[in-house]
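Next comes input.cif, with mmCIF, C-alpha atoms.
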```cif
data_query
#
loop_
_atom_site.group_PDB
_atom_site.id
_atom_site.type_symbol
_atom_site.label_atom_id
_atom_site.label_comp_id
_atom_site.auth_asym_id
_atom_site.auth_seq_id
_atom_site.Cartn_x
_atom_site.Cartn_y
_atom_site.Cartn_z
ATOM 1 C CA MET U 26 157.517 137.402 140.520
ATOM 2 C CA ILE U 27 158.942 134.370 142.296
ATOM 3 C CA ALA U 28 162.600 134.695 141.453
ATOM 4 C CA GLU U 29 164.840 136.329 138.916
ATOM 5 C CA GLY U 30 168.465 136.057 137.989
ATOM 6 C CA ASP U 31 171.044 135.629 135.272
ATOM 7 C CA VAL U 32 171.568 131.997 134.250
ATOM 8 C CA GLU U 33 175.122 132.862 133.212
ATOM 9 C CA ARG U 34 175.971 133.406 136.867
ATOM 10 C CA ALA U 35 176.402 130.150 138.743
ATOM 11 C CA ASP U 36 174.894 131.318 142.020
ATOM 12 C CA ASP U 37 171.877 132.812 140.249
ATOM 13 C CA GLU U 38 171.378 129.687 138.198
ATOM 14 C CA GLN U 39 171.506 127.476 141.280
ATOM 15 C CA ARG U 40 168.872 129.617 142.957
ATOM 16 C CA LEU U 41 166.667 129.525 139.862
ATOM 17 C CA VAL U 42 167.023 125.749 139.593
ATOM 18 C CA GLU U 43 165.978 125.322 143.212
ATOM 19 C CA GLU U 44 162.997 127.607 142.809
ATOM 20 C CA PHE U 45 161.992 125.859 139.600
ATOM 21 C CA ARG U 46 162.049 122.478 141.350
ATOM 22 C CA ARG U 47 160.144 123.861 144.307
ATOM 23 C CA GLN U 48 157.331 125.065 142.055
ATOM 24 C CA LEU U 49 157.121 121.764 140.192
ATOM 25 C CA ASP U 50 157.206 119.849 143.475
ATOM 26 C CA ALA U 51 154.257 121.980 144.596
ATOM 27 C CA GLY U 52 152.348 120.514 141.670
ATOM 28 C CA LEU U 53 152.515 123.387 139.216
ATOM 29 C CA TRP U 54 153.145 123.188 135.495
ATOM 30 C CA ALA U 55 155.766 125.377 133.861
ATOM 31 C CA ALA U 56 155.728 126.911 130.396
ATOM 32 C CA VAL U 57 157.789 129.367 128.395
ATOM 33 C CA PRO U 58 155.997 131.666 125.923
ATOM 34 C CA LEU U 59 157.834 131.693 122.604
ATOM 35 C CA ASP U 60 157.463 132.695 118.959
ATOM 36 C CA ASP U 61 156.972 129.688 116.692
ATOM 37 C CA PRO U 62 158.661 129.514 113.262
ATOM 38 C CA ALA U 63 155.491 130.876 111.629
ATOM 39 C CA GLY U 64 155.634 133.951 113.830
ATOM 40 C CA ARG U 65 152.762 132.912 116.071
ATOM 41 C CA ARG U 66 153.028 132.934 119.821
ATOM 42 C CA GLN U 67 152.884 129.605 121.582
ATOM 43 C CA ALA U 68 153.966 128.077 124.851
ATOM 44 C CA ARG U 69 156.518 125.356 125.410
ATOM 45 C CA MET U 70 155.829 123.148 128.394
ATOM 46 C CA VAL U 71 158.993 122.473 130.379
ATOM 47 C CA ARG U 72 159.488 119.608 132.789
ATOM 48 C CA SER U 73 163.076 120.243 133.783
ATOM 49 C CA PHE U 74 165.285 123.267 134.070
ATOM 50 C CA GLN U 75 167.366 122.027 131.128
ATOM 51 C CA ASP U 76 164.266 122.238 128.901
ATOM 52 C CA ILE U 77 164.166 126.000 129.308
ATOM 53 C CA PRO U 78 165.795 127.831 126.384
ATOM 54 C CA ARG U 79 168.841 129.690 127.661
ATOM 55 C CA ASP U 80 167.569 132.912 126.153
ATOM 56 C CA ALA U 81 164.069 132.631 127.633
ATOM 57 C CA ASP U 82 163.214 135.752 129.528
ATOM 58 C CA ARG U 83 160.760 134.052 131.870
ATOM 59 C CA VAL U 84 159.027 130.871 132.912
ATOM 60 C CA ILE U 85 155.386 130.926 133.893
ATOM 61 C CA PHE U 86 154.061 128.517 136.488
ATOM 62 C CA PHE U 87 150.401 127.677 136.590
ATOM 63 C CA PRO U 88 148.177 125.081 138.258
ATOM 64 C CA ARG U 89 147.888 121.645 136.741
ATOM 65 C CA ALA U 90 144.900 121.013 134.540
ATOM 66 C CA ALA U 91 142.153 118.790 135.853
ATOM 67 C CA GLY U 92 138.986 117.605 134.238
ATOM 68 C CA GLY U 93 136.272 120.152 134.891
ATOM 69 C CA ARG U 94 132.496 119.962 135.093
ATOM 70 C CA MET Z 21 114.365 115.919 206.026
ATOM 71 C CA LEU Z 22 116.393 118.934 204.806
ATOM 72 C CA LEU Z 23 119.598 117.254 205.889
ATOM 73 C CA ALA Z 24 118.657 114.144 203.928
ATOM 74 C CA LEU Z 25 117.970 116.223 200.784
ATOM 75 C CA VAL Z 26 121.269 118.073 201.078
ATOM 76 C CA ALA Z 27 123.119 114.816 201.560
ATOM 77 C CA THR Z 28 121.388 113.325 198.527
ATOM 78 C CA ALA Z 29 122.234 116.384 196.463
ATOM 79 C CA LEU Z 30 125.889 116.186 197.496
ATOM 80 C CA VAL Z 31 126.037 112.538 196.554
ATOM 81 C CA ALA Z 32 124.398 113.299 193.216
ATOM 82 C CA VAL Z 33 126.848 116.133 192.492
ATOM 83 C CA ALA Z 34 129.772 113.905 193.436
ATOM 84 C CA LEU Z 35 128.552 111.177 191.097
ATOM 85 C CA LEU Z 36 127.902 113.565 188.206
ATOM 86 C CA SER Z 37 131.166 115.449 188.631
ATOM 87 C CA GLU Z 38 133.060 112.753 186.775
ATOM 88 C CA GLU Z 39 130.881 113.489 183.762
ATOM 89 C CA LEU Z 40 130.480 117.215 184.209
ATOM 90 C CA ILE Z 41 134.040 118.314 184.936
ATOM 91 C CA PRO Z 42 135.578 117.061 181.653
ATOM 92 C CA ARG Z 43 132.731 118.655 179.703
ATOM 93 C CA ALA Z 44 133.157 121.916 181.549
ATOM 94 C CA GLU Z 45 136.899 121.825 180.847
ATOM 95 C CA GLU Z 46 136.242 121.154 177.182
ATOM 96 C CA LEU Z 47 133.795 124.042 176.936
ATOM 97 C CA TRP Z 48 136.261 126.323 178.675
ATOM 98 C CA SER Z 49 139.101 125.349 176.358
ATOM 99 C CA ARG Z 50 136.848 125.909 173.315
ATOM 100 C CA PHE Z 51 135.904 129.308 174.652
ATOM 101 C CA ARG Z 52 139.577 130.205 175.119
ATOM 102 C CA ALA Z 53 140.478 128.890 171.660
ATOM 103 C CA ARG Z 54 137.788 131.049 170.083
ATOM 104 C CA ARG Z 55 139.147 134.092 171.879
ATOM 105 C CA HIS Z 56 142.666 133.380 170.610
ATOM 106 C CA MET Z 57 141.600 132.683 167.040
ATOM 107 C CA ALA Z 58 143.515 134.651 164.415
ATOM 108 C CA PRO Z 59 141.656 137.765 163.351
ATOM 109 C CA VAL Z 60 139.654 137.299 160.171
ATOM 110 C CA MET Z 61 141.094 139.351 157.314
ATOM 111 C CA PRO Z 62 138.599 141.965 156.259
ATOM 112 C CA TYR Z 63 137.209 141.503 152.771
ATOM 113 C CA ASP Z 64 139.089 143.673 150.326
ATOM 114 C CA PRO Z 65 136.843 144.361 147.325
ATOM 115 C CA GLY Z 66 139.824 145.631 145.328
ATOM 116 C CA ARG Z 67 141.916 142.501 145.730
ATOM 117 C CA GLU Z 68 140.189 140.526 143.010
ATOM 118 C CA ARG Z 69 140.128 143.511 140.696
ATOM 119 C CA ARG Z 70 143.857 144.075 141.151
ATOM 120 C CA ALA Z 71 144.532 140.378 140.607
ATOM 121 C CA GLU Z 72 142.541 140.511 137.379
ATOM 122 C CA GLN Z 73 144.457 143.584 136.210
ATOM 123 C CA ARG Z 74 147.767 141.819 136.836
ATOM 124 C CA ALA Z 75 146.470 138.730 135.063
ATOM 125 C CA ARG Z 76 145.408 140.772 132.033
ATOM 126 C CA ALA Z 77 148.839 142.368 131.812
ATOM 127 C CA LEU Z 78 150.495 138.949 131.989
ATOM 128 C CA LEU Z 79 148.171 137.512 129.365
ATOM 129 C CA GLN Z 80 148.842 140.436 127.049
ATOM 130 C CA SER Z 81 152.574 139.924 127.407
ATOM 131 C CA CYS Z 82 152.339 136.237 126.477
ATOM 132 C CA VAL Z 83 149.914 136.033 123.563
ATOM 133 C CA ASN Z 84 150.341 137.809 120.260
ATOM 134 C CA GLU Z 85 148.802 141.121 119.371
ATOM 135 C CA GLU Z 86 145.900 139.587 117.464
ATOM 136 C CA GLU Z 87 144.981 137.192 120.259
ATOM 137 C CA TRP Z 88 145.154 139.967 122.800
ATOM 138 C CA GLY Z 89 142.911 142.179 120.694
ATOM 139 C CA MET Z 90 140.480 139.280 120.329
ATOM 140 C CA TYR Z 91 140.288 138.760 124.068
ATOM 141 C CA ARG Z 92 140.042 142.454 124.815
ATOM 142 C CA ASP Z 93 137.249 143.039 122.283
ATOM 143 C CA LEU Z 94 135.368 139.737 122.239
ATOM 144 C CA GLY Z 95 136.111 138.103 125.593
ATOM 145 C CA PHE Z 96 137.653 134.910 124.211
ATOM 146 C CA ILE Z 97 140.700 133.713 122.272
ATOM 147 C CA ARG Z 98 140.782 131.461 119.231
ATOM 148 C CA VAL Z 99 143.638 128.935 119.122
ATOM 149 C CA TRP Z 100 144.266 126.798 116.046
ATOM 150 C CA GLY Z 101 144.356 123.045 116.505
ATOM 151 C CA THR Z 102 147.479 121.238 115.387
ATOM 152 C CA LEU Z 103 146.628 117.544 115.665
ATOM 153 C CA SER Z 104 146.420 115.847 112.290
ATOM 154 C CA ASP Z 105 143.597 113.552 113.423
ATOM 155 C CA GLY Z 106 141.563 116.286 115.056
ATOM 156 C CA PRO Z 107 141.079 117.170 118.695
ATOM 157 C CA ALA Z 108 139.832 113.759 119.794
ATOM 158 C CA ASP Z 109 140.261 110.122 118.841
ATOM 159 C CA THR Z 110 136.968 110.287 117.016
ATOM 160 C CA SER Z 111 138.653 111.904 113.984
ATOM 161 C CA ALA Z 112 135.776 114.329 114.058
ATOM 162 C CA SER Z 113 137.590 116.895 111.983
ATOM 163 C CA GLY Z 114 138.355 114.450 109.179
ATOM 164 C CA GLY Z 115 141.651 116.212 108.689
ATOM 165 C CA ALA Z 116 140.016 119.611 108.188
ATOM 166 C CA ALA Z 117 141.358 122.683 109.905
ATOM 167 C CA TYR Z 118 139.892 123.165 113.343
ATOM 168 C CA ALA Z 119 140.319 125.562 116.204
ATOM 169 C CA TYR Z 120 139.333 126.134 119.806
ATOM 170 C CA LEU Z 121 137.601 128.994 121.527
ATOM 171 C CA ILE Z 122 138.969 129.713 124.983
ATOM 172 C CA TYR Z 123 136.553 131.407 127.369
ATOM 173 C CA PRO Z 124 137.377 132.322 130.959
ATOM 174 C CA HIS Z 125 136.053 129.671 133.352
ATOM 175 C CA ARG Z 126 134.045 127.977 130.627
ATOM 176 C CA ALA Z 127 134.605 124.904 128.547
ATOM 177 C CA ILE Z 128 136.995 125.031 125.607
ATOM 178 C CA VAL Z 129 135.000 124.620 122.411
ATOM 179 C CA ALA Z 130 136.454 122.871 119.360
ATOM 180 C CA TYR Z 131 134.970 123.668 115.949
ATOM 181 C CA LEU Z 132 135.708 123.257 112.268
ATOM 182 C CA ALA Z 133 137.227 126.430 110.929
ATOM 183 C CA GLN Z 134 135.589 126.273 107.505
ATOM 184 C CA THR Z 135 132.022 125.341 108.376
ATOM 185 C CA HIS Z 136 131.882 126.491 112.023
ATOM 186 C CA ARG Z 137 130.473 123.095 112.948
ATOM 187 C CA LEU Z 138 130.947 122.604 116.667
ATOM 188 C CA LEU Z 139 132.873 119.437 117.496
ATOM 189 C CA ASN Z 140 133.138 119.100 121.251
ATOM 190 C CA GLU Z 141 133.341 120.891 124.556
ATOM 191 C CA TYR Z 142 136.377 120.235 126.733
ATOM 192 C CA CYS Z 143 135.789 120.958 130.385
ATOM 193 C CA VAL Z 144 139.021 121.682 132.179
ATOM 194 C CA ALA Z 145 139.913 123.525 135.356
ATOM 195 C CA PHE Z 146 143.113 124.869 136.858
ATOM 196 C CA PRO Z 147 142.445 124.858 140.591
ATOM 197 C CA ASP Z 148 145.096 126.873 142.411
ATOM 198 C CA GLU Z 149 145.707 124.663 145.445
ATOM 199 C CA THR Z 150 148.812 126.608 146.455
ATOM 200 C CA ARG Z 151 146.832 129.505 147.835
ATOM 201 C CA PRO Z 152 146.917 129.525 151.618
ATOM 202 C CA TYR Z 153 143.489 131.096 151.882
ATOM 203 C CA GLY Z 154 140.603 132.208 149.747
ATOM 204 C CA SER Z 155 139.289 130.757 146.549
ATOM 205 C CA THR Z 156 141.230 128.318 144.384
ATOM 206 C CA ARG Z 157 139.614 129.960 141.361
ATOM 207 C CA LEU Z 158 142.067 131.839 139.161
ATOM 208 C CA PRO Z 159 141.310 135.341 137.928
ATOM 209 C CA ASP Z 160 139.563 135.214 134.535
ATOM 210 C CA SER Z 161 142.600 136.212 132.508
ATOM 211 C CA ASP Z 162 144.855 133.756 134.359
ATOM 212 C CA ASP Z 163 142.392 130.988 133.523
ATOM 213 C CA VAL Z 164 142.534 131.981 129.850
ATOM 214 C CA LEU Z 165 146.332 132.146 129.976
ATOM 215 C CA ALA Z 166 146.574 128.711 131.603
ATOM 216 C CA LYS Z 167 144.342 127.260 128.883
ATOM 217 C CA TRP Z 168 146.287 129.047 126.165
ATOM 218 C CA MET Z 169 149.630 127.783 127.475
ATOM 219 C CA ALA Z 170 148.439 124.239 128.014
ATOM 220 C CA LEU Z 171 146.752 124.140 124.614
ATOM 221 C CA THR Z 172 149.595 125.642 122.607
ATOM 222 C CA GLY Z 173 152.240 123.841 124.676
ATOM 223 C CA ASP Z 174 150.781 120.345 124.712
ATOM 224 C CA GLU Z 175 147.393 120.155 123.003
ATOM 225 C CA ARG Z 176 147.080 116.381 123.197
ATOM 226 C CA ARG Z 177 147.803 116.300 126.903
ATOM 227 C CA LEU Z 178 145.292 119.001 127.724
ATOM 228 C CA ILE Z 179 142.582 117.442 125.603
ATOM 229 C CA SER Z 180 143.172 114.033 127.160
ATOM 230 C CA THR Z 181 142.980 115.578 130.646
ATOM 231 C CA ALA Z 182 139.764 117.453 129.983
ATOM 232 C CA ASN Z 183 136.312 115.958 130.243
ATOM 233 C CA MET Z 184 134.891 115.838 126.751
ATOM 234 C CA HIS Z 185 131.224 116.546 126.099
ATOM 235 C CA LEU Z 186 129.036 117.114 123.131
ATOM 236 C CA PRO Z 187 128.449 120.772 122.232
ATOM 237 C CA GLY Z 188 125.779 122.433 124.309
ATOM 238 C CA ARG Z 189 126.502 120.966 127.702
ATOM 239 C CA GLN Z 190 127.972 124.124 129.184
ATOM 240 C CA LEU Z 191 127.853 126.710 126.435
ATOM 241 C CA ASP Z 192 124.775 127.452 124.397
ATOM 242 C CA PRO Z 193 125.613 126.443 120.803
ATOM 243 C CA ALA Z 194 123.674 129.456 119.514
ATOM 244 C CA ARG Z 195 125.883 131.706 121.579
ATOM 245 C CA VAL Z 196 129.053 130.011 120.308
ATOM 246 C CA LYS Z 197 127.826 130.330 116.725
ATOM 247 C CA ARG Z 198 127.174 133.997 117.355
ATOM 248 C CA ASP Z 199 130.666 134.357 118.827
ATOM 249 C CA LEU Z 200 132.116 132.744 115.713
ATOM 250 C CA TRP Z 201 130.243 135.257 113.600
ATOM 251 C CA ARG Z 202 131.506 138.088 115.816
ATOM 252 C CA LEU Z 203 135.010 136.682 115.434
ATOM 253 C CA SER Z 204 134.782 136.677 111.634
ATOM 254 C CA GLN Z 205 133.577 140.290 111.698
ATOM 255 C CA TRP Z 206 136.319 141.232 114.097
ATOM 256 C CA GLU Z 207 138.960 139.556 111.923
ATOM 257 C CA ARG Z 208 137.855 141.511 108.881
ATOM 258 C CA ALA Z 209 138.208 144.752 110.798
ATOM 259 C CA TRP Z 210 141.527 143.578 112.162
ATOM 260 C CA MET Z 211 142.867 142.767 108.690
ATOM 261 C CA ARG Z 212 141.741 146.159 107.426
ATOM 262 C CA GLU Z 213 143.487 147.773 110.364
ATOM 263 C CA MET Z 214 146.659 145.788 109.794
ATOM 264 C CA SER Z 215 146.777 146.523 106.079
ATOM 265 C CA GLY Z 216 146.433 150.232 106.762
ATOM 266 C CA ARG Z 217 149.096 150.301 109.393
ATOM 267 C CA SER Z 218 152.684 151.193 108.557
ATOM 268 C CA PRO Z 219 155.280 148.754 109.894
ATOM 269 C CA SER Z 220 156.583 151.251 112.424
ATOM 270 C CA GLU Z 221 153.206 151.966 114.010
ATOM 271 C CA THR Z 222 152.496 150.719 117.471
ATOM 272 C CA PRO Z 223 149.455 148.542 118.242
ATOM 273 C CA LEU Z 224 146.090 150.249 118.207
ATOM 274 C CA ASP Z 225 145.120 149.839 121.782
ATOM 275 C CA SER Z 226 147.451 147.704 123.733
ATOM 276 C CA ALA Z 227 147.057 149.491 127.021
ATOM 277 C CA SER Z 228 143.497 148.596 127.933
#
```

Output the structure of this file as structure tokens.
Amino acid sequence: MIAEGDVERADDEQRLVEEFRRQLDAGLWAAVPLDDPAGRRQARMVRSFQDIPRDADRVIFFPRAAGGR
Amino acid sequence: MLLALVATALVAVALLSEELIPRAEELWSRFRARRHMAPVMPYDPGRERRAEQRARALLQSCVNEEEWGMYRDLGFIRVWGTLSDGPADTSASGGAAYAYLIYPHRAIVAYLAQTHRLLNEYCVAFPDETRPYGSTRLPDSDDVLAKWMALTGDERRLISTANMHLPGRQLDPARVKRDLWRLSQWERAWMREMSGRSPSETPLDSAS
């Protein structure tokens, strides 16, 4: 867990925005696991804090993909 | 004679001191640096196991019940492809349904769902450069989760990032074919299980 908070609270949201930017600046990708309309699970890649659905319960950061051997 | 030798030795030492003193100082400073080096952290054999357990729990919480069961029982996850022209610019799928097999720390394999014909291998890595020490290699389940998220979140981007190879470069095609057969068997059992389950029942084995 990197950070948690309630986006409805301004101070929490500010802290989450800063942490989100810090992770992306460190070179990580961010994704939100969601249910698609067909009921399957899928991820939505997010590039800015505004891309995150307001009701998302979490954002997962993971290393950028690179071509492997 | 002795006096002459001593005098010669003194002159020689004086001449060499310009070379020797800096080297001696360097050796001394290296010796001191080694003594002040931070203690090496002892190897903790449980660290990787705990990391894998956390990664499995995270993976389970992100994918659906079927995908989790697949990974738990078979060791890989099948993800359906969504690109109308297939996974690569070659239009290899000809518009037919295709899917990927995601293995931990192995290439992603694309195949045609109907015929099980293998299309390509996509070699991709997620090196964790943020770790201050230790390996940049993710735990197995984190690697699978990263592939799952990148593939379901932006399939085209992941496929264009990966190095594409013909089937067989990293994974034995016979093994992949066998895995596809295992998957079909597993799906039959899964469907039977699902049809026999009442809506209120909890998943079979979601704790392992």

Q: Mind checking which residues fall within 6 Å of Z:Thr172, counting only C-alpha atoms, ignoring those fewer than 4 positions away in the same chain, and posting them as a ChimeraX atom specification?
A: /U:67-68 /Z:168

Show me, as JSON lines, the residues of chain U having an atom within 9 Å of chain Z, each with the closest atom pair and its distance in Å, using only C-alpha atoms.
```
{"residue": "U:Ala51", "atom": "CA", "partner": "Z:Thr150", "partner_atom": "CA", "distance": 7.4}
{"residue": "U:Gly52", "atom": "CA", "partner": "Z:Thr150", "partner_atom": "CA", "distance": 8.5}
{"residue": "U:Leu53", "atom": "CA", "partner": "Z:Thr150", "partner_atom": "CA", "distance": 8.7}
{"residue": "U:Trp54", "atom": "CA", "partner": "Z:Ala170", "partner_atom": "CA", "distance": 8.9}
{"residue": "U:Ala56", "atom": "CA", "partner": "Z:Met169", "partner_atom": "CA", "distance": 6.8}
{"residue": "U:Val57", "atom": "CA", "partner": "Z:Met169", "partner_atom": "CA", "distance": 8.4}
{"residue": "U:Pro58", "atom": "CA", "partner": "Z:Cys82", "partner_atom": "CA", "distance": 5.9}
{"residue": "U:Leu59", "atom": "CA", "partner": "Z:Cys82", "partner_atom": "CA", "distance": 8.1}
{"residue": "U:Asp60", "atom": "CA", "partner": "Z:Asn84", "partner_atom": "CA", "distance": 8.9}
{"residue": "U:Arg65", "atom": "CA", "partner": "Z:Asn84", "partner_atom": "CA", "distance": 6.9}
{"residue": "U:Arg66", "atom": "CA", "partner": "Z:Asn84", "partner_atom": "CA", "distance": 5.6}
{"residue": "U:Gln67", "atom": "CA", "partner": "Z:Thr172", "partner_atom": "CA", "distance": 5.3}
{"residue": "U:Ala68", "atom": "CA", "partner": "Z:Gly173", "partner_atom": "CA", "distance": 4.6}
{"residue": "U:Arg69", "atom": "CA", "partner": "Z:Gly173", "partner_atom": "CA", "distance": 4.6}
{"residue": "U:Met70", "atom": "CA", "partner": "Z:Gly173", "partner_atom": "CA", "distance": 5.2}
{"residue": "U:Val71", "atom": "CA", "partner": "Z:Gly173", "partner_atom": "CA", "distance": 8.9}
{"residue": "U:Phe86", "atom": "CA", "partner": "Z:Ala166", "partner_atom": "CA", "distance": 8.9}
{"residue": "U:Phe87", "atom": "CA", "partner": "Z:Ala166", "partner_atom": "CA", "distance": 6.4}
{"residue": "U:Pro88", "atom": "CA", "partner": "Z:Phe146", "partner_atom": "CA", "distance": 5.3}
{"residue": "U:Arg89", "atom": "CA", "partner": "Z:Phe146", "partner_atom": "CA", "distance": 5.8}
{"residue": "U:Ala90", "atom": "CA", "partner": "Z:Phe146", "partner_atom": "CA", "distance": 4.8}
{"residue": "U:Ala91", "atom": "CA", "partner": "Z:Ala145", "partner_atom": "CA", "distance": 5.3}
{"residue": "U:Gly92", "atom": "CA", "partner": "Z:Ala182", "partner_atom": "CA", "distance": 4.3}
{"residue": "U:Gly93", "atom": "CA", "partner": "Z:Val144", "partner_atom": "CA", "distance": 4.2}
{"residue": "U:Arg94", "atom": "CA", "partner": "Z:Cys143", "partner_atom": "CA", "distance": 5.8}
```

**Q.** Atom pair atom CA of U:Arg34 / atom CA of U:Leu49: separation (Å)
**A.**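 Going from atom CA of U:Arg34 over to atom CA of U:Leu49 covers 22.4 Å.
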
Q: Take atom CA of Z:Pro193 and atom CA of Z:Arg157 and report the distance between them in Å, one decimal.
A: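 These two atoms are separated by 25.1 Å.
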
Box time for stretch 83-97 of chain Z: axis-aligned, enclosing all its listed atoms, 5 Å extra on each side; report centre and edge lengths in Å to one decimal, as lines of an AutoDock Vina configuration file.
```
center_x = 142.9
center_y = 138.4
center_z = 121.5
size_x = 25.0
size_y = 19.3
size_z = 18.1
```

**Q.** Gap from atom CA of Z:Arg217 to atom CA of Z:Asp93 - Å, one decimal
**A.**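 Spanning atom CA of Z:Arg217 to atom CA of Z:Asp93 is a straight-line distance of 19.0 Å.
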
Q) Got a sec to resolve the PyMOL selection byres ((chain Z and resi 101) around 9) on this structure and send the residues as number ranges by chain? A) Z: 99-100, 102-104, 106-107, 117-120, 130, 171-172, 175

(Q) Counting only C-alpha atoms, I want the residues whose atoms come within 9 Å of (165.0, 132.8, 139.0) in the file frame, returned as a PyMOL selection string. (A) chain U and resi 26-32+37-45+83-84

Selected residues written out with C-alpha atoms, as an mmCIF file, keeping the file's coordinate frame:
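Writing the result to part-v8.cif gives the following:
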```
data_model
loop_
_atom_site.group_PDB
_atom_site.id
_atom_site.type_symbol
_atom_site.label_atom_id
_atom_site.label_comp_id
_atom_site.auth_asym_id
_atom_site.auth_seq_id
_atom_site.Cartn_x
_atom_site.Cartn_y
_atom_site.Cartn_z
ATOM 1 C CA MET U 26 157.517 137.402 140.520
ATOM 2 C CA ILE U 27 158.942 134.370 142.296
ATOM 3 C CA ALA U 28 162.600 134.695 141.453
ATOM 4 C CA GLU U 29 164.840 136.329 138.916
ATOM 5 C CA GLY U 30 168.465 136.057 137.989
ATOM 6 C CA ASP U 31 171.044 135.629 135.272
ATOM 7 C CA VAL U 32 171.568 131.997 134.250
ATOM 8 C CA ASP U 37 171.877 132.812 140.249
ATOM 9 C CA GLU U 38 171.378 129.687 138.198
ATOM 10 C CA GLN U 39 171.506 127.476 141.280
ATOM 11 C CA ARG U 40 168.872 129.617 142.957
ATOM 12 C CA LEU U 41 166.667 129.525 139.862
ATOM 13 C CA VAL U 42 167.023 125.749 139.593
ATOM 14 C CA GLU U 43 165.978 125.322 143.212
ATOM 15 C CA GLU U 44 162.997 127.607 142.809
ATOM 16 C CA PHE U 45 161.992 125.859 139.600
ATOM 17 C CA ARG U 83 160.760 134.052 131.870
ATOM 18 C CA VAL U 84 159.027 130.871 132.912
#
```

Compile the contact shell of Z:Pro187 as an mmCIF file with C-alpha atoms, keeping the file's coordinate frame: residues with an atom at most 9 Å away, counting only C-alpha atoms, same-chain residues fewer than 5 positions apart removed.
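Here's the written file around30.cif:
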```
data_model
loop_
_atom_site.group_PDB
_atom_site.id
_atom_site.type_symbol
_atom_site.label_atom_id
_atom_site.label_comp_id
_atom_site.auth_asym_id
_atom_site.auth_seq_id
_atom_site.Cartn_x
_atom_site.Cartn_y
_atom_site.Cartn_z
ATOM 1 C CA VAL Z 129 135.000 124.620 122.411
ATOM 2 C CA ALA Z 130 136.454 122.871 119.360
ATOM 3 C CA LEU Z 138 130.947 122.604 116.667
ATOM 4 C CA LEU Z 139 132.873 119.437 117.496
ATOM 5 C CA ASN Z 140 133.138 119.100 121.251
ATOM 6 C CA GLU Z 141 133.341 120.891 124.556
ATOM 7 C CA ASP Z 192 124.775 127.452 124.397
ATOM 8 C CA PRO Z 193 125.613 126.443 120.803
#
```
